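A.B. asks: Sharing start.cif below, mmCIF, C-alpha atoms (C1' of nucleotides) and all ligand atoms:
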```cif
data_start
loop_
_atom_site.label_atom_id
_atom_site.label_comp_id
_atom_site.auth_asym_id
_atom_site.auth_seq_id
_atom_site.Cartn_x
_atom_site.Cartn_y
_atom_site.Cartn_z
CA MET A 1 68.49 46.84 17.83
CA PHE A 2 69.09 47.14 14.11
CA ARG A 3 70.82 49.72 12.05
CA ILE A 4 69.08 51.02 8.97
CA GLY A 5 70.83 48.64 6.59
CA GLU A 6 69.92 45.59 8.61
CA LEU A 7 66.28 46.60 8.87
CA ALA A 8 66.06 47.39 5.18
CA ASN A 9 67.65 44.09 4.37
CA ARG A 10 65.31 42.06 6.55
CA HIS A 11 62.38 43.51 4.67
CA GLY A 12 63.88 43.56 1.22
CA ILE A 13 63.72 47.32 0.84
CA ASN A 14 66.13 50.18 0.32
CA THR A 15 67.61 52.27 3.14
CA ASP A 16 66.49 55.33 1.22
CA THR A 17 62.95 54.10 1.47
CA LEU A 18 63.26 53.88 5.22
CA ARG A 19 64.57 57.43 5.43
CA PHE A 20 61.76 58.47 3.14
CA TYR A 21 59.16 56.86 5.40
CA GLU A 22 60.75 58.58 8.36
CA LYS A 23 60.64 61.97 6.69
CA HIS A 24 56.97 61.38 5.98
CA GLY A 25 56.14 60.40 9.52
CA LEU A 26 55.46 56.73 8.95
CA LEU A 27 58.34 55.23 10.89
CA GLN A 28 60.68 56.95 13.32
CA PRO A 29 63.56 54.89 14.68
CA SER A 30 63.02 54.58 18.43
CA ALA A 31 66.55 55.79 19.16
CA ARG A 32 69.87 56.96 17.83
CA GLN A 33 73.22 55.42 18.65
CA ASP A 34 75.93 57.66 20.10
CA ASN A 35 77.43 58.02 16.65
CA GLY A 36 74.16 59.31 15.25
CA TYR A 37 73.15 56.10 13.51
CA ARG A 38 69.46 55.26 13.56
CA ALA A 39 68.59 52.47 16.00
CA TYR A 40 65.45 50.46 15.30
CA ASN A 41 63.97 48.03 17.81
CA GLN A 42 61.51 45.15 17.62
CA ALA A 43 58.53 47.44 17.74
CA ASP A 44 59.91 49.49 14.86
CA ASP A 45 60.40 46.29 12.93
CA GLN A 46 56.77 45.35 13.51
CA ARG A 47 55.57 48.77 12.54
CA LEU A 48 57.48 48.47 9.30
CA ALA A 49 55.95 45.06 8.68
CA PHE A 50 52.53 46.64 9.22
CA ILE A 51 53.34 49.35 6.68
CA LEU A 52 54.50 46.85 4.09
CA ARG A 53 51.46 44.63 4.56
CA ALA A 54 49.18 47.63 4.16
CA LYS A 55 51.05 48.55 1.00
CA SER A 56 50.63 45.02 -0.30
CA VAL A 57 46.86 45.35 -0.16
CA GLY A 58 46.95 48.62 -2.06
CA PHE A 59 46.97 51.36 0.55
CA SER A 60 48.87 54.54 -0.30
CA LEU A 61 51.34 55.94 2.20
CA GLY A 62 48.86 58.63 3.20
CA GLU A 63 46.21 56.02 3.92
CA ILE A 64 48.74 53.94 5.82
CA ALA A 65 49.48 56.94 8.00
CA GLU A 66 45.79 57.06 8.92
CA LEU A 67 45.74 53.36 9.63
CA LEU A 68 48.79 53.69 11.85
CA SER A 69 47.30 56.54 13.80
CA ILE A 70 44.37 54.28 14.68
CA GLU A 71 46.67 51.36 15.39
CA VAL A 72 48.73 53.20 17.97
CA ASP A 73 45.57 54.39 19.69
CA LYS A 74 43.63 51.16 19.38
CA ALA A 75 42.30 51.25 22.91
CA ASN A 76 40.36 54.41 22.17
CA ARG A 77 39.24 53.45 18.70
CA VAL A 78 36.59 51.14 17.40
CA CYS A 79 36.10 48.70 14.56
CA SER A 80 34.06 51.13 12.53
CA ASP A 81 37.01 53.53 12.42
CA VAL A 82 39.15 50.85 10.84
CA LYS A 83 36.55 49.30 8.60
CA GLU A 84 35.63 52.70 7.26
CA LEU A 85 39.14 53.19 5.91
CA VAL A 86 39.14 49.75 4.34
CA ASP A 87 35.74 50.27 2.79
CA GLU A 88 36.66 53.68 1.41
CA LYS A 89 39.70 52.12 -0.18
CA LEU A 90 37.57 49.32 -1.54
CA VAL A 91 35.42 51.90 -3.27
CA LYS A 92 38.42 53.72 -4.72
CA VAL A 93 39.95 50.50 -5.97
CA SER A 94 36.66 49.35 -7.43
CA GLU A 95 36.20 52.65 -9.24
CA LYS A 96 39.67 52.45 -10.67
CA ILE A 97 39.02 48.89 -11.80
CA ALA A 98 35.80 49.99 -13.44
CA GLU A 99 37.63 52.73 -15.31
CA LEU A 100 40.30 50.35 -16.49
CA GLU A 101 37.65 47.83 -17.48
CA ARG A 102 36.10 50.47 -19.71
CA PHE A 103 39.48 51.09 -21.26
CA ARG A 104 39.99 47.37 -21.73
CA GLN A 105 36.66 46.93 -23.44
CA SER A 106 37.19 49.86 -25.77
CA LEU A 107 40.67 48.67 -26.63
CA GLN A 108 39.41 45.17 -27.24
CA ILE A 109 36.76 46.44 -29.62
CA LEU A 110 39.38 48.51 -31.41
CA SER A 111 41.73 45.54 -31.61
CA ASP A 112 39.05 43.13 -32.80
CA GLY A 113 38.11 45.38 -35.69
CA CYS A 114 41.61 45.56 -37.14
CA CYS A 115 43.10 42.91 -39.40
CA GLY A 116 46.55 43.45 -37.92
CA GLY A 117 48.13 42.57 -41.20
CA PRO A 118 50.15 44.35 -43.89
CA HIS A 119 47.01 46.16 -44.97
CA SER A 120 47.55 49.91 -45.52
CA ALA A 121 46.79 51.94 -42.44
CA GLU A 122 44.77 54.30 -44.61
CA HIS A 123 41.77 52.07 -44.09
CA CYS A 124 42.61 50.86 -40.60
CA THR A 125 39.46 50.69 -38.51
CA ILE A 126 41.35 51.65 -35.37
CA LEU A 127 42.52 54.95 -36.83
CA GLN A 128 39.10 55.57 -38.31
CA ALA A 129 37.51 55.08 -34.93
CA LEU A 130 39.91 57.49 -33.27
CA GLU A 131 39.38 60.00 -36.05
CA SER A 132 35.64 60.04 -36.01
CA PHE A 133 33.79 58.32 -33.23
CA GLU A 134 31.71 60.55 -31.08
CA PRO A 135 33.06 60.74 -27.53
CA ASP A 136 29.82 59.24 -26.27
CA ASP A 137 30.32 56.14 -28.35
CA MET A 138 33.54 55.47 -26.58
CA GLN A 139 33.78 55.12 -22.89
CA PRO A 140 34.89 58.52 -21.66
CA SER A 141 37.68 58.60 -19.12
CA TYR A 142 36.38 59.91 -15.90
CA SER A 143 37.91 63.03 -14.52
CA LYS A 144 38.51 63.30 -10.82
CA MET B 1 40.22 79.65 -37.34
CA PHE B 2 39.99 79.53 -33.57
CA ARG B 3 41.98 81.13 -30.87
CA ILE B 4 43.21 78.99 -28.01
CA GLY B 5 40.33 79.84 -25.71
CA GLU B 6 37.72 78.95 -28.28
CA LEU B 7 39.33 75.62 -29.07
CA ALA B 8 39.74 74.75 -25.42
CA ASN B 9 36.13 75.66 -24.84
CA ARG B 10 34.80 73.56 -27.69
CA HIS B 11 36.50 70.53 -26.20
CA GLY B 12 35.90 71.28 -22.55
CA ILE B 13 39.56 71.59 -21.67
CA ASN B 14 41.90 74.22 -20.30
CA THR B 15 44.01 76.54 -22.45
CA ASP B 16 46.99 75.49 -20.36
CA THR B 17 46.41 71.94 -21.42
CA LEU B 18 46.55 72.99 -25.06
CA ARG B 19 49.86 74.79 -24.48
CA PHE B 20 51.07 71.74 -22.64
CA TYR B 21 50.18 69.47 -25.55
CA GLU B 22 51.95 71.86 -27.88
CA LYS B 23 55.10 71.88 -25.78
CA HIS B 24 55.04 68.09 -25.85
CA GLY B 25 54.64 67.88 -29.58
CA LEU B 26 51.08 66.60 -29.69
CA LEU B 27 49.37 69.57 -31.25
CA GLN B 28 50.93 72.59 -32.95
CA PRO B 29 48.59 75.38 -34.05
CA SER B 30 48.82 75.59 -37.81
CA ALA B 31 49.46 79.34 -37.71
CA ARG B 32 49.86 82.45 -35.63
CA GLN B 33 47.88 85.65 -36.01
CA ASP B 34 49.73 88.92 -36.57
CA ASN B 35 49.49 89.67 -32.89
CA GLY B 36 51.17 86.40 -31.98
CA TYR B 37 48.01 84.60 -30.92
CA ARG B 38 47.81 80.90 -31.78
CA ALA B 39 45.50 80.18 -34.74
CA TYR B 40 43.98 76.70 -34.93
CA ASN B 41 42.17 75.44 -38.02
CA GLN B 42 39.76 72.61 -38.71
CA ALA B 43 42.56 70.05 -39.05
CA ASP B 44 43.96 71.10 -35.67
CA ASP B 45 40.51 70.71 -34.20
CA GLN B 46 40.29 67.19 -35.58
CA ARG B 47 43.73 66.30 -34.36
CA LEU B 48 42.73 67.46 -30.89
CA ALA B 49 39.60 65.35 -31.10
CA PHE B 50 41.78 62.37 -32.00
CA ILE B 51 43.99 63.02 -28.99
CA LEU B 52 41.03 63.25 -26.64
CA ARG B 53 39.45 60.08 -28.01
CA ALA B 54 42.71 58.22 -27.58
CA LYS B 55 42.90 59.52 -24.03
CA SER B 56 39.37 58.34 -23.40
CA VAL B 57 40.34 54.76 -24.17
CA GLY B 58 43.26 54.96 -21.81
CA PHE B 59 46.29 55.88 -23.90
CA SER B 60 48.94 58.01 -22.24
CA LEU B 61 50.20 61.12 -23.99
CA GLY B 62 53.39 59.30 -24.99
CA GLU B 63 51.37 56.51 -26.56
CA ILE B 64 49.15 59.05 -28.27
CA ALA B 65 52.24 60.64 -29.80
CA GLU B 66 53.10 57.26 -31.33
CA LEU B 67 49.57 56.83 -32.59
CA LEU B 68 49.65 60.29 -34.15
CA SER B 69 52.94 59.65 -35.87
CA ILE B 70 51.36 56.66 -37.58
CA GLU B 71 48.20 58.59 -38.31
CA VAL B 72 49.95 61.38 -40.17
CA ASP B 73 51.91 58.85 -42.20
CA LYS B 74 49.06 56.42 -42.77
CA ALA B 75 49.85 55.86 -46.41
CA ASN B 76 53.19 54.31 -45.54
CA ARG B 77 52.01 52.39 -42.52
CA VAL B 78 50.08 49.20 -42.07
CA CYS B 79 47.43 47.79 -39.80
CA SER B 80 49.91 45.75 -37.79
CA ASP B 81 51.69 48.96 -36.76
CA VAL B 82 48.49 50.28 -35.30
CA LYS B 83 47.15 47.09 -33.83
CA GLU B 84 50.44 46.45 -32.12
CA LEU B 85 50.11 49.64 -30.11
CA VAL B 86 46.56 48.81 -29.15
CA ASP B 87 47.47 45.28 -28.15
CA GLU B 88 50.43 46.41 -26.07
CA LYS B 89 48.15 48.80 -24.26
CA LEU B 90 45.61 46.05 -23.77
CA VAL B 91 48.28 44.01 -21.99
CA LYS B 92 49.31 46.93 -19.77
CA VAL B 93 45.71 47.69 -18.86
CA SER B 94 44.98 44.04 -18.15
CA GLU B 95 48.00 43.78 -15.87
CA LYS B 96 46.95 46.83 -13.97
CA ILE B 97 43.45 45.45 -13.59
CA ALA B 98 44.87 42.18 -12.29
CA GLU B 99 46.89 44.02 -9.66
CA LEU B 100 43.90 46.05 -8.55
CA GLU B 101 41.77 42.91 -8.45
CA ARG B 102 44.23 41.41 -6.01
CA PHE B 103 43.96 44.52 -3.88
CA ARG B 104 40.21 44.39 -4.08
CA GLN B 105 40.08 40.78 -2.95
CA SER B 106 42.41 41.35 -0.02
CA LEU B 107 40.50 44.42 1.03
CA GLN B 108 37.21 42.56 0.77
CA ILE B 109 38.50 39.77 2.99
CA LEU B 110 39.71 42.34 5.49
CA SER B 111 36.40 44.15 5.41
CA ASP B 112 34.34 40.98 5.74
CA GLY B 113 36.19 39.92 8.85
CA CYS B 114 35.47 43.12 10.78
CA CYS B 115 32.24 43.81 12.62
CA GLY B 116 32.41 47.48 11.75
CA GLY B 117 30.66 48.38 14.98
CA PRO B 118 31.53 50.16 18.23
CA HIS B 119 33.68 47.21 19.23
CA SER B 120 37.12 48.22 20.57
CA ALA B 121 39.77 48.28 17.88
CA GLU B 122 42.03 46.34 20.20
CA HIS B 123 40.48 43.18 18.86
CA CYS B 124 39.81 44.35 15.33
CA THR B 125 40.57 41.59 12.86
CA ILE B 126 41.72 44.09 10.25
CA LEU B 127 44.42 45.50 12.48
CA GLN B 128 45.36 42.02 13.61
CA ALA B 129 45.80 40.93 10.02
CA LEU B 130 47.97 43.92 9.19
CA GLU B 131 49.99 43.38 12.36
CA SER B 132 50.74 39.76 11.88
CA PHE B 133 49.53 37.92 8.85
CA GLU B 134 51.78 37.30 5.93
CA PRO B 135 50.43 39.13 2.89
CA ASP B 136 49.82 35.85 1.10
CA ASP B 137 47.91 34.43 4.03
CA MET B 138 45.43 37.27 4.30
CA GLN B 139 42.29 35.42 5.30
CA PRO B 140 39.09 36.29 7.08
CA SER B 141 39.10 35.65 10.80
CA TYR B 142 36.41 33.05 10.40
CA SER B 143 36.27 30.42 7.68
CA LYS B 144 33.20 29.99 5.57
"C1'" DC C 1 97.14 53.30 8.30
"C1'" DT C 2 94.33 52.64 4.71
"C1'" DT C 3 90.55 50.47 2.46
"C1'" DG C 4 85.83 49.48 2.12
"C1'" DA C 5 81.40 49.03 3.98
"C1'" DC C 6 78.09 51.50 6.26
"C1'" DC C 7 76.24 55.58 8.18
"C1'" DT C 8 74.88 60.88 8.20
"C1'" DT C 9 72.62 65.16 5.89
"C1'" DG C 10 70.24 68.07 2.56
"C1'" DG C 11 68.73 68.39 -1.77
"C1'" DA C 12 67.86 67.07 -6.64
"C1'" DG C 13 65.81 64.01 -10.14
"C1'" DT C 14 62.12 60.79 -12.07
"C1'" DA C 15 57.51 59.96 -14.25
"C1'" DG C 16 52.75 61.78 -15.92
"C1'" DA C 17 49.65 65.24 -16.84
"C1'" DC C 18 48.69 68.99 -15.92
"C1'" DT C 19 47.94 73.66 -13.33
"C1'" DC C 20 49.31 77.94 -11.90
"C1'" DT C 21 52.08 82.29 -11.55
"C1'" DA C 22 54.15 86.51 -13.02
"C1'" DA C 23 54.73 90.21 -15.98
"C1'" DG C 24 53.16 92.16 -19.81
"C1'" DC C 25 50.68 92.90 -24.50
"C1'" DT C 26 45.98 93.06 -27.22
"C1'" DT C 27 41.30 93.36 -27.79
"C1'" DT C 28 36.54 94.30 -26.39
"C1'" DA C 29 33.10 96.58 -23.86
"C1'" DT C 30 31.48 100.46 -21.34
"C1'" DA D 1 39.67 106.31 -21.24
"C1'" DT D 2 39.69 102.50 -18.68
"C1'" DA D 3 38.78 98.13 -17.11
"C1'" DA D 4 37.93 93.37 -18.00
"C1'" DA D 5 38.87 89.52 -20.64
"C1'" DG D 6 41.98 87.10 -23.33
"C1'" DC D 7 46.45 86.34 -25.17
"C1'" DT D 8 51.89 85.80 -24.78
"C1'" DT D 9 56.21 83.65 -22.42
"C1'" DA D 10 59.22 81.06 -19.25
"C1'" DG D 11 59.25 78.69 -15.46
"C1'" DA D 12 57.61 76.82 -10.97
"C1'" DG D 13 54.45 73.90 -8.34
"C1'" DT D 14 51.45 69.66 -7.59
"C1'" DC D 15 51.06 64.62 -6.45
"C1'" DT D 16 53.19 59.84 -5.32
"C1'" DA D 17 56.78 57.01 -3.97
"C1'" DC D 18 60.74 56.64 -4.27
"C1'" DT D 19 65.84 56.82 -5.93
"C1'" DC D 20 70.09 58.91 -6.42
"C1'" DC D 21 73.86 62.18 -5.39
"C1'" DA D 22 77.53 64.67 -2.94
"C1'" DA D 23 80.34 65.44 0.85
"C1'" DG D 24 81.66 63.69 4.80
"C1'" DG D 25 81.70 60.88 9.55
"C1'" DT D 26 82.40 55.90 11.65
"C1'" DC D 27 84.12 51.47 12.17
"C1'" DA D 28 86.14 46.71 11.58
"C1'" DA D 29 89.64 44.22 9.00
"C1'" DG D 30 94.23 43.57 7.05
ZN ZN A 201 43.77 46.00 -41.90
ZN ZN A 202 43.84 48.14 -38.89
ZN ZN A 203 34.67 44.49 15.77
ZN ZN A 204 37.26 45.41 13.25
#
```
Render the structure in this file as structure tokens.
Ligand SMILES: [Zn+2]
Ligand SMILES: [Zn+2]
Ligand SMILES: [Zn+2]
Ligand SMILES: [Zn+2]

C.D. replies:
Amino acid sequence: MFRIGELANRHGINTDTLRFYEKHGLLQPSARQDNGYRAYNQADDQRLAFILRAKSVGFSLGEIAELLSIEVDKANRVCSDVKELVDEKLVKVSEKIAELERFRQSLQILSDGCCGGPHSAEHCTILQALESFEPDDMQPSYSK
Amino acid sequence: MFRIGELANRHGINTDTLRFYEKHGLLQPSARQDNGYRAYNQADDQRLAFILRAKSVGFSLGEIAELLSIEVDKANRVCSDVKELVDEKLVKVSEKIAELERFRQSLQILSDGCCGGPHSAEHCTILQALESFEPDDMQPSYSK
DNA sequence: CTTGACCTTGGAGTAGACTCTAAGCTTTAT
DNA sequence: ATAAAGCTTAGAGTCTACTCCAAGGTCAAG
């Protein structure tokens, strides 16, 4: 049995984070001590490890909640349930990468065109581009 | 001279967004009509276009404010001032891409290891990985 | 017995970029 | 004349993932 500080410490996180996860339904301590302190057991520790691993591969807390709900009901769930979540996330991450890649390319083009020296900004190609390019000539940001 | 609705319409944005930009110092209407309505002129229209183009290459509103402060004082600024902002952003965007690429790779490995079929989730390699692998060791269940 | 570390709670603050609401005035169309 | 559309303001709400704060209870050490 660990108290909140011990558990937080073992995982290198803040006690506030643990209370935050609790409030959002991700991790309830399995018991309370007589004095009201949260009491976490081995299973809680493993659940937290699961949460942190899922975070480390990019899942949001909301997505982790879905993953956990499958995990605790494994026996009645199938691979496709799990893989679907992973693949949906893969799509979201890939789309975000694609958007950032467009930004990167546009910024690189902007950067490459500018001398970067003590040249007056009145003729700076970066400012000129931002002043007059047509939106279609630049990669538009996608709106969700 | 345009009223707020017209300007918003011409640029495909919301009037609230225009008021928001104003409150945050990005775009002040050059005048007010007698009835108190905001009156935007051609220069305001161009400044808005600048803002939207900068947004489309990934700049945040705070960064756009910096860009604008250089733009309006072009004569006393130099290329390096401008390029510096672009290059800093390029670094930030590249870092974010790198992080997302790591997520993508981990997710891909997770996805590849799972059959995705009607197989019981009790033996799902994705759940097993999240339950027990160290984040750095995330590997497919089979080796290629 | 007091100090200090650790725990409790509810609630507020942060960042970013809007988006919406309420209450009310102005203009346009019927 | 009246209703719809558009404008005004200040301020609140949204989303994500914490992080911090205040006021106070608990516990081991000196
Ligand atoms: Zn130059
Ligand atoms: Zn330049
Ligand atoms: Zn399977
Ligand atoms: Zn599986």

A.B. asks: Around ligand ZN 204 (chain A), out to 10 Å and counting all atoms listed in the file, which residues are there? I want them as a list in words.

C.D. replies: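 Checked against 10 Å with all atoms listed in the file; the hits are Arg77, Val78, Cys79, Ser80, Asp81, Val82, Lys83 and Glu84 of chain A; Leu110, Ser111, Asp112, Gly113, Cys114, Cys115, Gly116, Gly117, Pro118, His119, Ser120, Ala121, Glu122, His123, Cys124, Thr125, Ile126, Leu127 and Gln128 of chain B.
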
A.B. asks: By how many Å are atom CA of Ser106 of chain A and atom CA of Tyr40 of chain B apart?

C.D. replies: 29.2 Å

A.B. asks: Pick out the chain D residues within 12 Å of chain A. Count only C-alpha atoms (C1' of nucleotides). Give them as a PyMOL selection string.

C.D. replies: chain D and resi 15-20+25-27

A.B. asks: Excluding Val93 of chain B and any residue of its chain fewer than 4 positions from it, enumerate the residues within 7 Å of it, using only C-alpha atoms (C1' of nucleotides), and give them as a PDB file with C-alpha atoms, in the frame of the given file.

C.D. replies:
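Below is the file that was written, result.pdb:
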```
ATOM      1  CA  LEU A 100      40.300  50.350 -16.490  1.00  0.00           C
ATOM      2  CA  ARG A 104      39.990  47.370 -21.730  1.00  0.00           C
TER       3      ARG A 104
ATOM      4  CA  LYS B  89      48.150  48.800 -24.260  1.00  0.00           C
ATOM      5  CA  ILE B  97      43.450  45.450 -13.590  1.00  0.00           C
TER       6      ILE B  97
END
```

A.B. asks: Could you write out as a ChimeraX atom specification the residues of chain C within 12 Å of chain A, counting only C-alpha atoms (C1' of nucleotides)?

C.D. replies: /C:5-9

A.B. asks: Go through B:Ile70, B:Val86, B:Ile51, B:Leu107 and flag the residue nearest Glu22 of chain B, using only C-alpha atoms for the distances.

C.D. replies: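 That would be B:Ile51, the residue with the smallest distance to Glu22 of chain B.
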
A.B. asks: Write a file for segment 1-17 of chain C, containing N, CA and C atoms (P, O5', C5', C4', C3', O3' and C1' of nucleotides) (output as a CSV table (one decimal), in the first residue's frame).

C.D. replies:
```
chain,number,residue,atom,x,y,z
C,1,DC,P,1.8,19.8,25.7
C,1,DC,O5',3.5,19.9,25.8
C,1,DC,C5',4.1,21.2,26.0
C,1,DC,C4',4.7,21.6,24.7
C,1,DC,C3',3.7,22.1,23.6
C,1,DC,O3',4.4,23.2,22.9
C,1,DC,C1',5.0,20.3,22.8
C,2,DT,P,3.6,24.3,22.2
C,2,DT,O5',4.6,24.5,21.0
C,2,DT,C5',6.0,24.4,21.3
C,2,DT,C4',6.7,23.8,20.1
C,2,DT,C3',6.2,24.3,18.7
C,2,DT,O3',7.3,24.6,17.9
C,2,DT,C1',6.3,22.0,18.7
C,3,DT,P,7.2,25.9,16.8
C,3,DT,O5',8.1,25.3,15.7
C,3,DT,C5',9.3,24.6,16.0
C,3,DT,C4',9.4,23.4,15.0
C,3,DT,C3',9.1,23.7,13.5
C,3,DT,O3',10.2,23.5,12.8
C,3,DT,C1',8.2,21.6,14.2
C,4,DG,P,10.4,24.2,11.3
C,4,DG,O5',10.2,22.9,10.4
C,4,DG,C5',10.9,21.7,10.7
C,4,DG,C4',10.2,20.6,9.9
C,4,DG,C3',9.8,21.0,8.5
C,4,DG,O3',10.3,20.0,7.6
C,4,DG,C1',8.0,19.9,9.6
C,5,DA,P,10.2,20.2,6.1
C,5,DA,O5',9.6,18.8,5.7
C,5,DA,C5',10.0,17.6,6.4
C,5,DA,C4',8.9,16.5,6.2
C,5,DA,C3',8.3,16.5,4.8
C,5,DA,O3',8.2,15.1,4.4
C,5,DA,C1',6.6,16.7,6.3
C,6,DC,P,7.9,14.8,2.8
C,6,DC,O5',6.3,14.4,2.9
C,6,DC,C5',5.9,13.4,3.8
C,6,DC,C4',4.4,13.4,3.9
C,6,DC,C3',3.6,13.6,2.6
C,6,DC,O3',2.8,12.5,2.4
C,6,DC,C1',2.7,14.9,4.4
C,7,DC,P,2.0,12.3,1.1
C,7,DC,O5',0.5,12.7,1.6
C,7,DC,C5',-0.2,11.8,2.4
C,7,DC,C4',-1.4,12.5,3.0
C,7,DC,C3',-2.4,13.0,2.0
C,7,DC,O3',-3.4,12.0,1.6
C,7,DC,C1',-2.1,14.5,3.8
C,8,DT,P,-4.4,12.5,0.5
C,8,DT,O5',-5.4,13.5,1.2
C,8,DT,C5',-6.3,13.0,2.2
C,8,DT,C4',-7.3,14.1,2.6
C,8,DT,C3',-8.0,14.8,1.4
C,8,DT,O3',-9.1,14.1,1.0
C,8,DT,C1',-7.2,16.4,3.0
C,9,DT,P,-9.7,14.4,-0.4
C,9,DT,O5',-10.4,15.8,-0.3
C,9,DT,C5',-11.5,16.1,0.7
C,9,DT,C4',-11.8,17.5,0.6
C,9,DT,C3',-12.2,18.0,-0.8
C,9,DT,O3',-13.6,18.0,-0.9
C,9,DT,C1',-10.6,19.5,0.3
C,10,DG,P,-14.2,18.2,-2.4
C,10,DG,O5',-14.2,19.8,-2.5
C,10,DG,C5',-14.7,20.6,-1.5
C,10,DG,C4',-14.4,22.1,-1.8
C,10,DG,C3',-14.9,22.4,-3.2
C,10,DG,O3',-15.5,23.7,-3.2
C,10,DG,C1',-12.5,22.8,-3.0
C,11,DG,P,-16.2,24.3,-4.5
C,11,DG,O5',-15.1,25.3,-5.0
C,11,DG,C5',-14.4,26.2,-4.1
C,11,DG,C4',-13.2,26.9,-4.8
C,11,DG,C3',-13.5,27.3,-6.2
C,11,DG,O3',-13.0,28.6,-6.4
C,11,DG,C1',-11.5,26.1,-6.1
C,12,DA,P,-13.4,29.5,-7.6
C,12,DA,O5',-12.1,30.2,-8.0
C,12,DA,C5',-11.2,30.6,-6.9
C,12,DA,C4',-9.8,30.7,-7.5
C,12,DA,C3',-9.8,31.3,-8.9
C,12,DA,O3',-8.7,32.3,-9.0
C,12,DA,C1',-8.7,29.2,-8.9
C,13,DG,P,-8.5,33.2,-10.3
C,13,DG,O5',-7.2,32.5,-10.8
C,13,DG,C5',-6.1,32.3,-10.0
C,13,DG,C4',-4.9,31.8,-10.9
C,13,DG,C3',-4.9,32.4,-12.3
C,13,DG,O3',-3.6,32.7,-12.6
C,13,DG,C1',-5.1,30.1,-12.4
C,14,DT,P,-3.3,33.5,-14.0
C,14,DT,O5',-2.8,32.3,-14.9
C,14,DT,C5',-1.7,31.5,-14.4
C,14,DT,C4',-1.3,30.6,-15.6
C,14,DT,C3',-1.5,31.2,-17.0
C,14,DT,O3',-0.3,31.4,-17.6
C,14,DT,C1',-2.4,29.0,-16.8
C,15,DA,P,-0.2,32.5,-18.8
C,15,DA,O5',-0.3,31.5,-20.1
C,15,DA,C5',0.6,30.4,-20.1
C,15,DA,C4',0.2,29.6,-21.3
C,15,DA,C3',-0.2,30.4,-22.5
C,15,DA,O3',0.4,30.0,-23.7
C,15,DA,C1',-2.0,28.9,-22.0
C,16,DG,P,0.5,31.0,-24.9
C,16,DG,O5',-0.7,30.5,-25.8
C,16,DG,C5',-0.7,29.2,-26.3
C,16,DG,C4',-1.8,29.0,-27.2
C,16,DG,C3',-2.2,30.3,-28.0
C,16,DG,O3',-2.4,29.8,-29.4
C,16,DG,C1',-4.1,29.5,-26.8
C,17,DA,P,-2.4,30.9,-30.5
C,17,DA,O5',-4.0,30.9,-30.8
C,17,DA,C5',-4.6,29.7,-31.2
C,17,DA,C4',-6.1,29.9,-31.2
C,17,DA,C3',-6.6,31.3,-31.8
C,17,DA,O3',-7.6,31.0,-32.8
C,17,DA,C1',-7.6,30.8,-29.8
```
